[in-house]
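S.K.: Okay, handing you the structure first.
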Amino acid sequence: MYRLLLVWCLCCQTMAQESLIVGWTDWQPFSFHDEQQQIRGLDIELVNAIFLRAGYQARFSEMPWARVLHELRFGTVQLAMSANITAERQQYARFTHPYREEETVIIIRRQDEPRWRGITSLDELRKTPDFHIGVLKGFDYGDTFRQLMGQPEMQARLLLRLKLDQLLKMLNAGRIQGLILDPHGMQEWVHQGLALDELYILLHIQRTPVHLMLSQKSTTQHQLDRLNQAIDELKQSPEYQQILERYEMVPAHQAITGE
């Protein structure tokens, strides 16, 4: 009863104030608190620019990604950022046009590169039973890796955790041999004092378009249409490229690949 009342209130509030509750997770450089505790990041700037064109106001609510998905399902959070489209999510969410791309790679310790350099494809990775992979719970890494995760022989080799720093500790301790993520997300580790040249990209898996994900319970098709129009307008504007360029992580990428 409480959830139904809350969803109803949120819907009324959205219509009255033209605002949407956006669930977000601390994930540099996409969304994070700066030194003044202001919310910053690539996705934050893009969402604000999209909302400005759509006539909405974003109300950001910080929580773990798994909870963002849970609350989106019930409608207490109305929008999530940086989302891939999956069959499961389509049961409770609607998706905008893509608003940017992300890259998916598998990262290992640089000291382990000689041991694993023979792995040049996901099929070879699948055939290497002593290679265990760290995965963030609730995250989707695109069609290619999703197919790999679904294979029975991979189930015991995937270790799920809620936070990236947990996976990094497991990697450094040798409990996993690699982890999967967008290499731009490694900026957070730089702030924690980690030297990126200690890590190495073993495999580039794919580039994937990402979307804003809206709750079916507390948003409407009309709102989706307005956001789609705003995304299309933003991507045609000079502002879009300016925002992307502010968060280019070329030096970090070169450091980890050894280029």
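Scheme for the structure tokens: letters A, B, ... for chains in order shown; per-chain residue numbers from 1; ligand numbers from 1 in order shown.
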Any chance you could tabulate, as JSON lines, the residues of stretch 41-135 of chain A at most 9 Å from stretch 148-151 of chain A with each one's nearest atom pair and distance in Å to one decimal, using only C-alpha atoms, in chain and rising number order?
M.R.:
```
{"residue": "A:Leu122", "atom": "CA", "partner": "A:Leu148", "partner_atom": "CA", "distance": 7.5}
{"residue": "A:Asp123", "atom": "CA", "partner": "A:Leu148", "partner_atom": "CA", "distance": 8.4}
{"residue": "A:Arg126", "atom": "CA", "partner": "A:Leu148", "partner_atom": "CA", "distance": 7.5}
```
S.K.: Keeping only N, CA, C and O atoms, write the selected residues to a file as a tab-separated table (two decimals), in the first residue's frame.
M.R.:
```tsv
chain	number	residue	atom	x	y	z
A	122	LEU	N	37.08	-14.05	-26.65
A	122	LEU	CA	36.23	-14.55	-25.57
A	122	LEU	C	36.11	-16.07	-25.63
A	122	LEU	O	35.94	-16.73	-24.60
A	123	ASP	N	36.20	-16.65	-26.82
A	123	ASP	CA	36.14	-18.11	-26.92
A	123	ASP	C	37.35	-18.75	-26.25
A	123	ASP	O	37.21	-19.76	-25.54
A	126	ARG	N	36.82	-18.49	-22.56
A	126	ARG	CA	35.88	-19.53	-22.10
A	126	ARG	C	36.59	-20.86	-21.90
A	126	ARG	O	36.25	-21.64	-21.01
```
S.K.: With a distance cut-off of 6 Å and only C-alpha atoms, select the neighbouring residues of stretch 77-83 of chain A, excluding the residue or stretch itself and same-chain residues fewer than 4 positions from it, and output the selection as a PyMOL selection string.
M.R.: chain A and resi 21-23+71-72+210-215
S.K.: How would the residues just chosen look if you wrote them out with N, CA and C atoms as a compact mmCIF listing (two decimals), in the first residue's frame?
M.R.:
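What follows is the written file out_39.txt:
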```txt
# COMPACT_ATOMS: atom_id res chain seq x y z
N ILE A 21 12.83 11.76 -10.75
CA ILE A 21 13.83 11.28 -9.81
C ILE A 21 14.80 10.36 -10.56
N VAL A 22 16.07 10.73 -10.53
CA VAL A 22 17.11 10.00 -11.25
C VAL A 22 18.00 9.27 -10.24
N GLY A 23 17.99 7.95 -10.26
CA GLY A 23 18.88 7.18 -9.40
C GLY A 23 20.29 7.18 -9.96
N GLU A 71 14.35 -0.05 -7.37
CA GLU A 71 13.41 1.05 -7.19
C GLU A 71 12.77 1.47 -8.52
N LEU A 72 13.51 1.31 -9.60
CA LEU A 72 12.96 1.62 -10.92
C LEU A 72 11.82 0.66 -11.23
N VAL A 210 24.46 3.30 -24.98
CA VAL A 210 23.74 3.25 -23.70
C VAL A 210 22.60 4.25 -23.72
N HIS A 211 21.61 4.00 -22.88
CA HIS A 211 20.33 4.71 -22.91
C HIS A 211 19.97 5.21 -21.52
N LEU A 212 19.03 6.14 -21.47
CA LEU A 212 18.32 6.43 -20.23
C LEU A 212 17.20 5.40 -20.10
N MET A 213 16.99 4.92 -18.89
CA MET A 213 16.00 3.88 -18.64
C MET A 213 14.92 4.44 -17.72
N LEU A 214 13.66 4.39 -18.16
CA LEU A 214 12.54 4.97 -17.43
C LEU A 214 11.65 3.88 -16.86
N SER A 215 11.16 4.11 -15.65
CA SER A 215 10.22 3.18 -15.03
C SER A 215 8.89 3.19 -15.77
```
S.K.: Enumerate, as a PyMOL selection string, the complete set of residues in stretch 26-257 of chain A that a backbone-based DSSP assignment places in strand (DSSP E).
M.R.: chain A and resi 32-33+39-40+57-62+79-83+93-95+100-109+133-136+158-161+178-181+199-215
S.K.: Within 7 Å of stretch 93-104 of chain A, counting only C-alpha atoms, which residues show up once you throw out same-chain ones fewer than 5 positions away? Write them as an MDAnalysis selection string, please.
M.R.: chainID A and resid 141 180:182 204:216 224 227:228 231
S.K.: Of the candidates A:Gln90, A:Ile107, A:Ile50, A:Leu162, which shows the shortest atom-to-atom distance to A:Ser237, using only C-alpha atoms?
M.R.: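 Smallest distance to A:Ser237 is found for A:Ile50.
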